[in-house]
>>> print(open('input36.cif').read())   # mmCIF, C-alpha atoms
data_model
loop_
_atom_site.label_atom_id
_atom_site.label_comp_id
_atom_site.auth_asym_id
_atom_site.auth_seq_id
_atom_site.Cartn_x
_atom_site.Cartn_y
_atom_site.Cartn_z
CA MET U 1 0.00 0.00 0.00
CA THR U 2 1.23 3.52 -0.76
CA GLU U 3 2.35 5.35 2.34
CA THR U 4 -0.35 7.62 3.74
CA GLU U 5 0.36 10.53 6.06
CA GLY U 6 -2.01 12.81 7.90
CA VAL U 7 -4.63 12.65 10.64
CA ILE U 8 -7.47 10.16 10.80
CA CYS U 9 -10.40 10.77 13.16
CA ILE U 10 -11.53 7.58 14.82
CA LEU U 11 -15.10 7.31 16.08
CA LYS U 12 -14.20 5.36 19.21
CA PRO U 13 -16.96 3.22 20.71
CA PRO U 14 -17.38 2.61 24.46
CA GLY U 15 -15.23 -0.31 25.60
CA MET U 16 -12.30 0.38 23.27
CA SER U 17 -9.16 1.91 24.77
CA SER U 18 -7.25 4.64 22.95
CA SER U 19 -4.25 2.31 22.59
CA ASP U 20 -6.54 -0.34 21.03
CA ALA U 21 -7.65 2.27 18.47
CA VAL U 22 -4.02 3.04 17.62
CA THR U 23 -3.30 -0.68 17.15
CA ASP U 24 -6.25 -1.00 14.79
CA VAL U 25 -5.14 2.04 12.77
CA ARG U 26 -1.63 0.55 12.44
CA ARG U 27 -3.18 -2.63 11.07
CA VAL U 28 -5.54 -0.91 8.64
CA PHE U 29 -2.91 1.48 7.26
CA ASN U 30 0.11 -0.86 7.50
CA GLU U 31 1.98 1.99 9.19
CA LYS U 32 4.17 1.71 12.26
CA ARG U 33 4.27 5.43 13.09
CA VAL U 34 0.83 6.00 14.61
CA GLY U 35 -0.19 7.91 17.75
CA HIS U 36 -3.30 9.51 19.23
CA THR U 37 -3.45 13.16 20.31
CA GLY U 38 -5.09 12.67 23.71
CA THR U 39 -6.46 9.70 25.61
CA LEU U 40 -10.21 9.08 25.63
CA ASP U 41 -11.32 6.85 28.51
CA PRO U 42 -12.32 3.28 27.50
CA ALA U 43 -15.89 3.85 28.73
CA ALA U 44 -16.23 7.03 26.65
CA ALA U 45 -17.09 7.36 22.97
CA GLY U 46 -16.40 9.91 20.27
CA VAL U 47 -13.68 11.75 18.41
CA LEU U 48 -10.14 10.40 18.75
CA PRO U 49 -7.68 12.06 16.31
CA VAL U 50 -4.87 9.70 15.35
CA CYS U 51 -1.70 10.85 13.59
CA ILE U 52 -0.24 8.64 10.84
CA GLY U 53 3.33 8.69 9.50
CA ARG U 54 5.18 11.99 9.76
CA ALA U 55 1.99 13.61 11.09
CA THR U 56 3.10 12.23 14.48
CA ARG U 57 5.55 15.17 14.46
CA LEU U 58 2.52 17.45 14.87
CA PHE U 59 1.53 16.06 18.27
CA ASP U 60 2.58 19.18 20.22
CA PHE U 61 0.55 21.39 17.89
CA LEU U 62 -2.63 19.32 18.25
CA VAL U 63 -2.76 18.05 21.82
CA ASP U 64 -3.42 21.36 23.60
CA LYS U 65 -6.54 22.32 21.67
CA LYS U 66 -10.04 22.73 23.19
CA LYS U 67 -12.25 19.67 23.62
CA GLU U 68 -16.06 19.47 23.49
CA TYR U 69 -18.12 16.78 25.21
CA VAL U 70 -21.71 15.78 25.82
CA ALA U 71 -22.03 13.98 29.15
CA GLU U 72 -24.88 12.46 31.11
CA ILE U 73 -24.70 13.29 34.80
CA ALA U 74 -26.59 10.90 37.08
CA PHE U 75 -27.56 12.04 40.58
CA GLY U 76 -28.23 9.66 43.47
CA ALA U 77 -24.98 7.66 43.54
CA ALA U 78 -21.25 8.38 43.62
CA THR U 79 -18.77 5.70 42.50
CA ASP U 80 -15.07 5.06 43.19
CA THR U 81 -14.27 5.55 39.47
CA GLU U 82 -16.60 8.57 39.17
CA ASP U 83 -18.33 6.92 36.19
CA ALA U 84 -20.87 4.13 35.65
CA THR U 85 -18.22 1.37 35.69
CA GLY U 86 -17.32 1.81 39.36
CA ARG U 87 -18.47 0.64 42.75
CA VAL U 88 -21.10 2.78 44.52
CA ILE U 89 -19.51 4.48 47.53
CA SER U 90 -22.38 6.78 48.55
CA ALA U 91 -26.05 7.16 47.65
CA SER U 92 -29.05 9.42 48.16
CA ASP U 93 -32.70 9.34 47.16
CA ARG U 94 -33.05 13.13 47.07
CA SER U 95 -34.21 14.33 43.67
CA VAL U 96 -32.46 17.12 41.75
CA SER U 97 -34.49 19.45 39.56
CA ARG U 98 -33.45 21.00 36.27
CA GLU U 99 -33.57 24.44 37.92
CA GLU U 100 -31.30 23.32 40.76
CA LEU U 101 -28.71 21.96 38.34
CA ALA U 102 -28.88 25.05 36.11
CA ALA U 103 -28.22 27.25 39.14
CA ALA U 104 -25.13 25.23 40.09
CA LEU U 105 -23.38 25.20 36.69
CA PRO U 106 -22.09 28.82 36.59
CA ALA U 107 -19.78 28.02 39.54
CA PHE U 108 -17.90 25.61 37.29
CA THR U 109 -17.20 27.90 34.33
CA GLY U 110 -13.87 29.65 33.82
CA GLU U 111 -10.69 28.42 35.48
CA ILE U 112 -11.43 25.79 38.13
CA GLU U 113 -9.45 23.38 40.27
CA GLN U 114 -9.81 19.60 40.00
CA ILE U 115 -8.49 16.69 42.00
CA PRO U 116 -8.22 13.93 39.35
CA PRO U 117 -9.93 10.59 40.00
CA VAL U 118 -7.92 7.87 41.69
CA TYR U 119 -8.77 5.62 38.74
CA SER U 120 -6.72 7.62 36.23
CA ALA U 121 -3.51 7.21 34.25
CA LEU U 122 -1.63 9.82 36.30
CA SER U 123 1.40 8.50 38.19
CA VAL U 124 2.63 8.68 41.76
CA GLY U 125 6.18 7.51 42.28
CA GLY U 126 6.22 6.11 38.77
CA VAL U 127 3.10 3.96 39.32
CA LYS U 128 -0.25 4.67 37.62
CA LEU U 129 -2.97 5.77 40.04
CA TYR U 130 -5.46 3.21 38.74
CA LYS U 131 -2.97 0.41 39.52
CA LEU U 132 -2.55 1.67 43.08
CA ALA U 133 -6.33 1.98 43.43
CA ARG U 134 -6.93 -1.55 42.21
CA ALA U 135 -4.32 -2.84 44.66
CA GLY U 136 -6.08 -1.04 47.51
CA GLU U 137 -3.06 1.20 48.14
CA LEU U 138 -4.95 4.51 47.80
CA ALA U 139 -7.18 5.64 50.62
CA GLY U 140 -8.67 8.56 48.72
CA ALA U 141 -7.98 11.52 46.46
CA VAL U 142 -4.36 12.42 45.77
CA GLU U 143 -4.19 16.11 46.70
CA GLU U 144 -0.75 16.69 45.16
CA LYS U 145 -2.19 15.89 41.73
CA LYS U 146 -4.59 18.83 41.98
CA ARG U 147 -4.67 20.82 38.72
CA ARG U 148 -6.22 23.93 37.24
CA VAL U 149 -8.27 23.54 34.07
CA THR U 150 -10.57 25.83 32.12
CA ILE U 151 -14.26 25.29 31.36
CA TYR U 152 -15.08 27.63 28.48
CA GLU U 153 -18.72 26.63 28.10
CA LEU U 154 -21.04 24.59 30.32
CA GLU U 155 -24.62 24.14 29.09
CA LEU U 156 -27.55 22.15 30.40
CA LEU U 157 -29.14 20.44 27.39
CA ARG U 158 -32.05 18.39 28.70
CA ARG U 159 -33.33 15.97 31.31
CA THR U 160 -33.02 12.30 30.27
CA GLY U 161 -34.66 10.61 33.23
CA GLU U 162 -35.14 10.77 36.98
CA GLY U 163 -32.05 12.54 38.32
CA ARG U 164 -30.30 12.35 34.92
CA PHE U 165 -29.34 15.23 32.64
CA LEU U 166 -27.29 15.86 29.51
CA ILE U 167 -24.72 18.65 29.72
CA ARG U 168 -22.40 20.07 27.05
CA ILE U 169 -18.86 21.03 28.03
CA VAL U 170 -16.16 22.93 26.12
CA CYS U 171 -12.93 22.70 28.07
CA SER U 172 -9.16 22.74 28.07
CA LYS U 173 -6.84 19.76 27.72
CA GLY U 174 -6.59 17.67 30.88
CA THR U 175 -10.14 18.25 32.13
CA TYR U 176 -11.74 15.22 33.77
CA ILE U 177 -15.45 15.27 32.91
CA ARG U 178 -16.26 12.54 35.41
CA THR U 179 -14.60 14.62 38.13
CA LEU U 180 -16.65 17.62 36.99
CA CYS U 181 -19.83 15.52 37.42
CA ARG U 182 -18.70 14.45 40.90
CA ASP U 183 -17.96 18.03 41.90
CA ILE U 184 -21.31 19.30 40.60
CA GLY U 185 -22.99 16.67 42.78
CA ASP U 186 -20.93 17.83 45.78
CA LYS U 187 -21.95 21.43 45.09
CA ILE U 188 -25.66 20.51 45.08
CA GLY U 189 -25.28 18.13 48.00
CA VAL U 190 -26.31 14.96 46.16
CA PRO U 191 -23.80 12.25 45.16
CA ALA U 192 -23.36 12.02 41.38
CA HIS U 193 -21.36 10.26 38.72
CA MET U 194 -20.86 10.44 34.97
CA ALA U 195 -23.19 7.92 33.34
CA PHE U 196 -22.08 8.45 29.72
CA LEU U 197 -19.54 10.55 27.80
CA LEU U 198 -19.32 11.46 24.13
CA ARG U 199 -16.45 13.60 22.83
CA THR U 200 -17.93 15.61 19.97
CA ARG U 201 -14.89 17.71 19.11
CA SER U 202 -11.12 17.66 19.68
CA GLY U 203 -9.53 20.84 18.40
CA ALA U 204 -10.71 21.26 14.81
CA PHE U 205 -11.77 17.60 14.50
CA THR U 206 -15.46 16.75 14.83
CA LEU U 207 -17.83 13.79 14.71
CA GLU U 208 -18.49 14.61 11.03
CA ASP U 209 -14.78 13.96 10.30
CA SER U 210 -14.78 10.61 12.11
CA TYR U 211 -14.86 6.97 11.00
CA SER U 212 -15.25 3.70 12.85
CA ILE U 213 -12.58 1.02 12.43
CA ALA U 214 -15.12 -1.09 10.55
CA GLU U 215 -15.75 1.77 8.09
CA LEU U 216 -12.02 2.23 7.53
CA SER U 217 -11.56 -1.50 6.90
CA GLU U 218 -14.35 -1.38 4.31
CA MET U 219 -12.81 1.68 2.66
CA LYS U 220 -9.50 -0.17 2.47
CA GLU U 221 -11.21 -3.03 0.64
CA ASN U 222 -12.81 -0.52 -1.75
CA GLY U 223 -9.58 1.36 -2.39
CA THR U 224 -10.92 4.63 -0.92
CA LEU U 225 -9.04 4.66 2.39
CA ALA U 226 -6.89 7.68 1.52
CA SER U 227 -10.01 9.86 1.29
CA ALA U 228 -10.52 9.49 5.07
CA VAL U 229 -7.13 11.01 5.87
CA ILE U 230 -6.94 14.72 6.69
CA PRO U 231 -3.81 16.24 5.05
CA MET U 232 -1.14 17.43 7.45
CA ASP U 233 -1.44 21.13 6.62
CA ARG U 234 -5.24 21.05 7.03
CA ALA U 235 -4.82 19.27 10.37
CA VAL U 236 -2.91 22.32 11.66
CA SER U 237 -5.00 24.94 9.87
CA HIS U 238 -5.31 26.80 13.19
CA ILE U 239 -1.62 27.77 12.80
CA PRO U 240 -1.07 30.98 10.79
CA GLU U 241 0.33 30.47 7.30
CA LEU U 242 3.36 32.00 5.62
CA ARG U 243 3.44 31.79 1.82
CA LEU U 244 6.74 32.32 0.05
CA ALA U 245 7.22 32.74 -3.69
CA GLY U 246 10.00 33.66 -6.08
CA LEU U 247 12.91 32.51 -3.89
CA GLY U 248 16.19 31.96 -5.68
CA ARG U 249 17.49 28.42 -6.07
CA LYS U 250 20.09 28.91 -3.33
CA GLU U 251 17.63 30.32 -0.80
CA ALA U 252 15.03 27.64 -1.55
CA GLY U 253 17.69 24.95 -1.14
CA MET U 254 18.84 26.39 2.17
CA LEU U 255 15.28 26.46 3.52
CA ILE U 256 14.56 22.90 2.36
CA HIS U 257 17.73 21.52 3.94
CA GLY U 258 17.15 23.11 7.35
CA ALA U 259 19.18 26.32 7.08
CA ALA U 260 17.77 29.74 8.00
CA ILE U 261 16.98 32.41 5.43
CA GLY U 262 16.19 36.08 5.88
CA CYS U 263 12.50 36.81 6.38
CA ALA U 264 11.01 40.20 7.17
CA ASP U 265 7.50 38.88 7.90
CA GLY U 266 7.66 40.13 11.48
CA ARG U 267 5.82 37.29 13.25
CA GLU U 268 8.69 36.36 15.54
CA ASP U 269 8.70 33.17 17.67
CA THR U 270 5.31 32.06 16.34
CA PRO U 271 4.76 28.67 14.66
CA LEU U 272 3.83 29.18 11.01
CA ARG U 273 2.60 26.86 8.26
CA VAL U 274 5.19 27.48 5.56
CA TYR U 275 4.40 27.15 1.85
CA LEU U 276 6.88 27.64 -0.99
CA ASP U 277 5.32 28.38 -4.38
CA GLY U 278 2.09 26.83 -3.09
CA GLU U 279 3.69 23.64 -1.73
CA PHE U 280 3.45 22.89 2.01
CA LEU U 281 6.91 22.47 3.57
CA GLY U 282 6.08 22.16 7.26
CA ILE U 283 6.15 24.24 10.42
CA GLY U 284 8.63 27.11 10.60
CA VAL U 285 9.61 29.80 13.08
CA ILE U 286 11.08 33.26 12.52
CA ARG U 287 13.74 34.33 15.03
CA GLY U 288 15.88 37.40 14.67
CA GLY U 289 14.53 38.06 11.21
CA GLU U 290 15.46 34.57 9.96
CA LEU U 291 13.07 31.78 9.02
CA ARG U 292 13.88 28.13 9.64
CA ILE U 293 11.76 25.02 9.08
CA THR U 294 11.57 23.30 12.46
CA VAL U 295 9.21 20.46 11.49
CA TRP U 296 9.83 19.25 7.93
CA LEU U 297 6.66 17.83 6.34
CA GLY U 298 7.28 18.56 2.66
CA ASP U 299 8.02 16.10 -0.10
CA GLU U 300 11.03 14.12 1.12
CA ALA U 301 12.28 13.97 -2.46
CA HIS U 302 13.37 17.59 -2.03
CA GLN U 303 15.71 16.57 0.77
CA ILE U 304 17.07 13.30 -0.59
CA LYS U 305 17.22 13.87 -4.34
CA GLY U 306 20.85 13.43 -5.41
CA MET U 307 21.94 12.23 -1.95
CA LYS U 308 24.44 9.43 -2.37
CA LEU U 309 26.19 6.66 -0.45
CA THR U 310 29.41 5.00 -1.53
CA GLY U 311 30.55 1.72 -0.07
CA THR U 312 31.45 -1.91 -0.71
CA VAL U 313 29.06 -4.70 -1.70
CA THR U 314 29.19 -7.59 0.78
CA LYS U 315 27.29 -10.82 1.35
CA HIS U 316 24.36 -10.70 3.72
CA ASN U 317 21.39 -12.99 4.49
CA ARG U 318 20.25 -13.35 0.82
CA ILE U 319 16.60 -12.75 1.75
CA GLY U 320 16.11 -10.72 -1.43
CA THR U 321 17.40 -13.59 -3.56
CA ALA U 322 15.00 -15.99 -1.87
CA LEU U 323 12.12 -13.64 -2.76
CA GLY U 324 13.23 -13.33 -6.38
CA PHE U 325 14.74 -9.85 -6.01
CA PRO U 326 18.50 -10.22 -5.38
CA THR U 327 20.05 -7.24 -3.63
CA ALA U 328 23.54 -5.80 -3.18
CA ASN U 329 24.22 -5.14 0.52
CA LEU U 330 26.22 -1.93 0.93
CA THR U 331 28.72 -1.52 3.80
CA GLY U 332 31.53 0.86 4.66
CA TYR U 333 29.58 4.02 3.79
CA ASP U 334 29.44 7.27 5.77
CA ARG U 335 26.45 6.74 8.08
CA ARG U 336 25.99 10.50 8.36
CA GLN U 337 24.81 10.44 4.75
CA LEU U 338 21.97 7.97 5.39
CA PRO U 339 18.47 9.15 4.44
CA PRO U 340 15.51 8.26 6.71
CA GLU U 341 14.50 4.60 6.80
CA GLY U 342 12.32 3.64 3.87
CA VAL U 343 12.27 2.33 0.30
CA TYR U 344 13.63 4.54 -2.48
CA ALA U 345 13.79 4.74 -6.24
CA SER U 346 17.54 5.09 -6.80
CA ALA U 347 20.42 4.91 -9.27
CA ALA U 348 23.27 2.47 -8.63
CA GLU U 349 26.70 3.14 -10.12
CA LEU U 350 28.72 -0.05 -10.45
CA GLY U 351 31.65 -0.98 -12.72
CA GLY U 352 31.32 2.13 -14.87
CA ARG U 353 27.60 1.65 -15.48
CA THR U 354 24.51 3.18 -13.88
CA TYR U 355 21.45 1.01 -13.20
CA PRO U 356 17.93 2.07 -12.20
CA ALA U 357 17.35 0.52 -8.80
CA VAL U 358 15.24 0.12 -5.68
CA THR U 359 17.07 0.67 -2.40
CA SER U 360 15.81 -0.31 1.05
CA VAL U 361 17.20 1.47 4.11
CA GLY U 362 15.94 -0.22 7.25
CA ARG U 363 15.80 -3.25 9.51
CA ASN U 364 13.69 -5.71 7.52
CA PRO U 365 10.83 -5.89 10.07
CA THR U 366 8.92 -8.62 8.19
CA VAL U 367 11.75 -11.12 8.76
CA GLY U 368 12.51 -9.94 12.29
CA GLY U 369 15.59 -7.95 11.38
CA SER U 370 17.27 -5.71 13.96
CA GLU U 371 20.37 -4.52 12.09
CA LEU U 372 20.01 -1.49 9.81
CA THR U 373 20.98 -2.42 6.26
CA VAL U 374 21.21 -0.68 2.88
CA GLU U 375 20.17 -3.14 0.16
CA THR U 376 19.85 -2.31 -3.53
CA HIS U 377 18.07 -4.29 -6.23
CA MET U 378 19.52 -3.19 -9.59
CA LEU U 379 17.15 -3.44 -12.55
CA GLY U 380 18.80 -5.18 -15.47
CA PHE U 381 21.95 -6.26 -13.61
CA GLU U 382 23.13 -9.85 -13.76
CA GLY U 383 26.27 -11.28 -12.21
CA ASP U 384 28.35 -11.18 -9.05
CA CYS U 385 29.37 -7.84 -7.57
CA TYR U 386 30.69 -8.90 -4.15
CA GLY U 387 33.69 -6.81 -3.14
CA SER U 388 32.94 -4.10 -5.70
CA THR U 389 32.61 -0.42 -4.93
CA MET U 390 29.10 0.89 -5.53
CA THR U 391 27.52 4.34 -5.27
CA VAL U 392 23.78 4.64 -4.64
CA ARG U 393 22.05 7.92 -5.48
CA PHE U 394 18.60 8.36 -3.92
CA VAL U 395 16.02 9.87 -6.27
CA LYS U 396 12.59 9.55 -4.56
CA ARG U 397 11.20 7.95 -1.43
CA LEU U 398 8.55 5.40 -2.37
CA ARG U 399 7.31 4.42 1.10
CA GLY U 400 8.22 3.86 4.72
CA MET U 401 9.26 0.53 6.23
CA ILE U 402 6.28 -1.76 6.69
CA ARG U 403 6.00 -5.03 8.58
CA PHE U 404 4.02 -7.49 6.44
CA ASP U 405 2.17 -10.53 7.76
CA SER U 406 3.85 -12.92 5.32
CA ALA U 407 6.74 -13.26 2.89
CA GLU U 408 4.21 -13.39 0.04
CA GLU U 409 2.81 -9.98 0.97
CA LEU U 410 6.38 -8.61 1.14
CA LYS U 411 7.18 -10.12 -2.26
CA ALA U 412 4.09 -8.51 -3.81
CA GLN U 413 5.02 -5.11 -2.33
CA ILE U 414 8.59 -5.36 -3.64
CA ALA U 415 7.22 -6.11 -7.12
CA SER U 416 5.06 -2.99 -6.81
CA ASP U 417 8.09 -0.96 -5.65
CA VAL U 418 10.14 -2.18 -8.63
CA LYS U 419 7.40 -1.15 -11.07
CA ALA U 420 7.06 2.27 -9.44
CA ALA U 421 10.82 2.82 -9.55
CA ARG U 422 11.08 1.66 -13.17
CA ASP U 423 8.36 4.12 -14.23
CA LEU U 424 9.83 6.95 -12.18
CA LEU U 425 13.39 6.52 -13.44
CA LYS U 426 12.61 6.22 -17.15
CA ASN U 427 13.57 9.82 -17.87
CA SER U 428 15.66 10.58 -14.79
CA LYS U 429 18.98 12.40 -15.28
CA TYR U 430 20.48 10.04 -12.70
CA THR U 431 20.05 6.97 -14.91
CA GLU U 432 20.87 8.46 -18.29
#
>>> encode(input="input36.cif", output="structure tokens")
Amino acid sequence: MTETEGVICILKPPGMSSSDAVTDVRRVFNEKRVGHTGTLDPAAAGVLPVCIGRATRLFDFLVDKKKEYVAEIAFGAATDTEDATGRVISASDRSVSREELAAALPAFTGEIEQIPPVYSALSVGGVKLYKLARAGELAGAVEEKKRRVTIYELELLRRTGEGRFLIRIVCSKGTYIRTLCRDIGDKIGVPAHMAFLLRTRSGAFTLEDSYSIAELSEMKENGTLASAVIPMDRAVSHIPELRLAGLGRKEAGMLIHGAAIGCADGREDTPLRVYLDGEFLGIGVIRGGELRITVWLGDEAHQIKGMKLTGTVTKHNRIGTALGFPTANLTGYDRRQLPPEGVYASAAELGGRTYPAVTSVGRNPTVGGSELTVETHMLGFEGDCYGSTMTVRFVKRLRGMIRFDSAEELKAQIASDVKAARDLLKNSKYTE
């Protein structure tokens, strides 16, 4: 499968953990680099943005955004977990009216203080609170974990049953909605817990953007999976943009390869989405009148085109030969010149000739490899080249390293890589 990068919004059902969702996304997309942008409790449902590929570099720009929830608060019982999954620790038969609840909510808007639930993923002495709670080693709330959070909006939606109400919350990162429900109950004087939670928005990502794992699996079968992925620049559309045009070749090259260039934009020390001639390059920052790309997200071909490694061909494990694609294993090269791990269309110079090629830089995860190798399959080459000096020039990155479930799947992917490289290198100056 072609490498896909961006953000996918998972519609997480109750009962699925956030880490389970990440595992499922890895499987569906055949991508190792996957991470969510903020845990959603297993009992909760709703929007869970998951970053795929290089989009994981955007975590710090996505995790601090506002969250929106719809929660059901149930009066009459408090639980040790503060939600419906826990053990009842106090109860009351006093009824709570809509008017009484509405009068209590304003006290919880703005900046408030919360003592997180004992059944949470926070740590004390390196041990998760929920593990200590399950072991009976916590007598009550952990005061030193007290935190300040912000409730931007708190709205009473409707009554759902006796002592049960739906409320809508817009809040900052780190807010515990079940703790909010507990504290509202304490304010009114009736024990309460969170009966249900739906996250309707996380930053710019909404329920309308979201897909279940089953839907994504079906889209994969239909060949439409890529349409579910939000492009990286749109995922950070809340960051101001900086559009550059007409840069000279030297300046453009400096910017692409991580050097700073003069920029009189004036927005100092502010993350910016940087575009060059309409193409998204990544996140940049201006300091002292100079712009530098701090998170590179542009086409990696810009950074690796023409990059080369020179070394000696040596014998290795002959896995490529067994799969029908013999490779030359390169050693003795300058490791500082290595491109990122992945599979590349390349040009291999050997014995005075240049061959179109496919080069793998990585650890062969499908066969349990741990050693980083550089292996090149030369198109049209026949013979023995052990001991020869070879130079590999990288032309375009085809995909990242993928762990396949079988050697047959790996073989089919290599065949696809060879075809892609052959087509790409037909008119390349590197193979003329």
>>> residues_around(input="input36.cif", residues="U:Lys66", least_positions_apart="4", cutoff="8 Å", atoms="only C-alpha atoms", output="list in words")
Val170, Cys171, Ser172, Lys173, Ser202 and Gly203 of chain U
>>> atom_distance(input="input36.cif", atom1="atom CA of U:Ile283", atom2="atom CA of U:Leu48")
22.9 Å
>>> resolve_selection(input="input36.cif", expression="the PyMOL selection byres ((chain U and resi 153-163) around 12)", output="JSON, numbers by chain")
{"U": [66, 67, 68, 69, 70, 71, 72, 73, 74, 75, 76, 77, 92, 93, 94, 95, 96, 97, 98, 99, 100, 101, 102, 103, 104, 105, 106, 107, 108, 109, 110, 111, 150, 151, 152, 164, 165, 166, 167, 168, 169, 170, 171, 172, 177, 180, 181, 184, 185, 190, 191, 192, 193, 194, 195, 196]}
>>> write_last_selection(input="input36.cif", atoms="C-alpha atoms", output="CSV table (one decimal), keeping the file's coordinate frame")
chain,number,residue,atom,x,y,z
U,66,LYS,CA,-10.0,22.7,23.2
U,67,LYS,CA,-12.2,19.7,23.6
U,68,GLU,CA,-16.1,19.5,23.5
U,69,TYR,CA,-18.1,16.8,25.2
U,70,VAL,CA,-21.7,15.8,25.8
U,71,ALA,CA,-22.0,14.0,29.2
U,72,GLU,CA,-24.9,12.5,31.1
U,73,ILE,CA,-24.7,13.3,34.8
U,74,ALA,CA,-26.6,10.9,37.1
U,75,PHE,CA,-27.6,12.0,40.6
U,76,GLY,CA,-28.2,9.7,43.5
U,77,ALA,CA,-25.0,7.7,43.5
U,92,SER,CA,-29.0,9.4,48.2
U,93,ASP,CA,-32.7,9.3,47.2
U,94,ARG,CA,-33.0,13.1,47.1
U,95,SER,CA,-34.2,14.3,43.7
U,96,VAL,CA,-32.5,17.1,41.8
U,97,SER,CA,-34.5,19.4,39.6
U,98,ARG,CA,-33.4,21.0,36.3
U,99,GLU,CA,-33.6,24.4,37.9
U,100,GLU,CA,-31.3,23.3,40.8
U,101,LEU,CA,-28.7,22.0,38.3
U,102,ALA,CA,-28.9,25.0,36.1
U,103,ALA,CA,-28.2,27.2,39.1
U,104,ALA,CA,-25.1,25.2,40.1
U,105,LEU,CA,-23.4,25.2,36.7
U,106,PRO,CA,-22.1,28.8,36.6
U,107,ALA,CA,-19.8,28.0,39.5
U,108,PHE,CA,-17.9,25.6,37.3
U,109,THR,CA,-17.2,27.9,34.3
U,110,GLY,CA,-13.9,29.6,33.8
U,111,GLU,CA,-10.7,28.4,35.5
U,150,THR,CA,-10.6,25.8,32.1
U,151,ILE,CA,-14.3,25.3,31.4
U,152,TYR,CA,-15.1,27.6,28.5
U,164,ARG,CA,-30.3,12.4,34.9
U,165,PHE,CA,-29.3,15.2,32.6
U,166,LEU,CA,-27.3,15.9,29.5
U,167,ILE,CA,-24.7,18.6,29.7
U,168,ARG,CA,-22.4,20.1,27.0
U,169,ILE,CA,-18.9,21.0,28.0
U,170,VAL,CA,-16.2,22.9,26.1
U,171,CYS,CA,-12.9,22.7,28.1
U,172,SER,CA,-9.2,22.7,28.1
U,177,ILE,CA,-15.4,15.3,32.9
U,180,LEU,CA,-16.6,17.6,37.0
U,181,CYS,CA,-19.8,15.5,37.4
U,184,ILE,CA,-21.3,19.3,40.6
U,185,GLY,CA,-23.0,16.7,42.8
U,190,VAL,CA,-26.3,15.0,46.2
U,191,PRO,CA,-23.8,12.2,45.2
U,192,ALA,CA,-23.4,12.0,41.4
U,193,HIS,CA,-21.4,10.3,38.7
U,194,MET,CA,-20.9,10.4,35.0
U,195,ALA,CA,-23.2,7.9,33.3
U,196,PHE,CA,-22.1,8.4,29.7
>>> atom_distance(input="input36.cif", atom1="atom CA of U:Ala264", atom2="atom CA of U:Arg243")
12.5 Å
>>> residues_around(input="input36.cif", residues="U:Gly174", least_positions_apart="3", cutoff="9 Å", atoms="only C-alpha atoms", output="NGL selection string")
:U and (38 or 64 or 147-149 or 171)
>>> closest_residue(input="input36.cif", among="U:Ile8, U:Leu242, U:Leu297, U:Ala235", to="U:Asp265", atoms="all atoms listed in the file")
U:Leu242
>>> atom_distance(input="input36.cif", atom1="atom CA of U:Ile414", atom2="atom CA of U:Phe325")
8.0 Å
>>> resolve_selection(input="input36.cif", expression="the PyMOL selection byres ((chain U and resi 24) around 12)", output="list of chain:residue names")
U:Ile8, U:Ile10, U:Lys12, U:Met16, U:Ser17, U:Ser18, U:Ser19, U:Asp20, U:Ala21, U:Val22, U:Thr23, U:Val25, U:Arg26, U:Arg27, U:Val28, U:Phe29, U:Asn30, U:Glu31, U:Lys32, U:Val34, U:Gly35, U:His36, U:Val50, U:Ser212, U:Ile213, U:Ala214, U:Glu215, U:Leu216, U:Ser217
>>> write_last_selection(input="input36.cif", atoms="C-alpha atoms", output="compact mmCIF listing (two decimals), in the coordinates of the input")
# COMPACT_ATOMS: atom_id res chain seq x y z
CA ILE U 8 -7.47 10.16 10.80
CA ILE U 10 -11.53 7.58 14.82
CA LYS U 12 -14.20 5.36 19.21
CA MET U 16 -12.30 0.38 23.27
CA SER U 17 -9.16 1.91 24.77
CA SER U 18 -7.25 4.64 22.95
CA SER U 19 -4.25 2.31 22.59
CA ASP U 20 -6.54 -0.34 21.03
CA ALA U 21 -7.65 2.27 18.47
CA VAL U 22 -4.02 3.04 17.62
CA THR U 23 -3.30 -0.68 17.15
CA VAL U 25 -5.14 2.04 12.77
CA ARG U 26 -1.63 0.55 12.44
CA ARG U 27 -3.18 -2.63 11.07
CA VAL U 28 -5.54 -0.91 8.64
CA PHE U 29 -2.91 1.48 7.26
CA ASN U 30 0.11 -0.86 7.50
CA GLU U 31 1.98 1.99 9.19
CA LYS U 32 4.17 1.71 12.26
CA VAL U 34 0.83 6.00 14.61
CA GLY U 35 -0.19 7.91 17.75
CA HIS U 36 -3.30 9.51 19.23
CA VAL U 50 -4.87 9.70 15.35
CA SER U 212 -15.25 3.70 12.85
CA ILE U 213 -12.58 1.02 12.43
CA ALA U 214 -15.12 -1.09 10.55
CA GLU U 215 -15.75 1.77 8.09
CA LEU U 216 -12.02 2.23 7.53
CA SER U 217 -11.56 -1.50 6.90
>>> closest_residue(input="input36.cif", among="U:Asp186, U:Glu279, U:Glu341, U:Asp41", to="U:Met401", atoms="only C-alpha atoms")
U:Glu341
>>> resolve_selection(input="input36.cif", expression="the PyMOL selection byres ((chain U and resi 340) around 10)", output="tab-separated table (two decimals) with C-alpha atoms, in the frame of the given file")
chain	number	residue	atom	x	y	z
U	300	GLU	CA	11.03	14.12	1.12
U	304	ILE	CA	17.07	13.30	-0.59
U	337	GLN	CA	24.81	10.44	4.75
U	338	LEU	CA	21.97	7.97	5.39
U	339	PRO	CA	18.47	9.15	4.44
U	341	GLU	CA	14.50	4.60	6.80
U	342	GLY	CA	12.32	3.64	3.87
U	343	VAL	CA	12.27	2.33	0.30
U	361	VAL	CA	17.20	1.47	4.11
U	362	GLY	CA	15.94	-0.22	7.25
U	397	ARG	CA	11.20	7.95	-1.43
U	400	GLY	CA	8.22	3.86	4.72
U	401	MET	CA	9.26	0.53	6.23
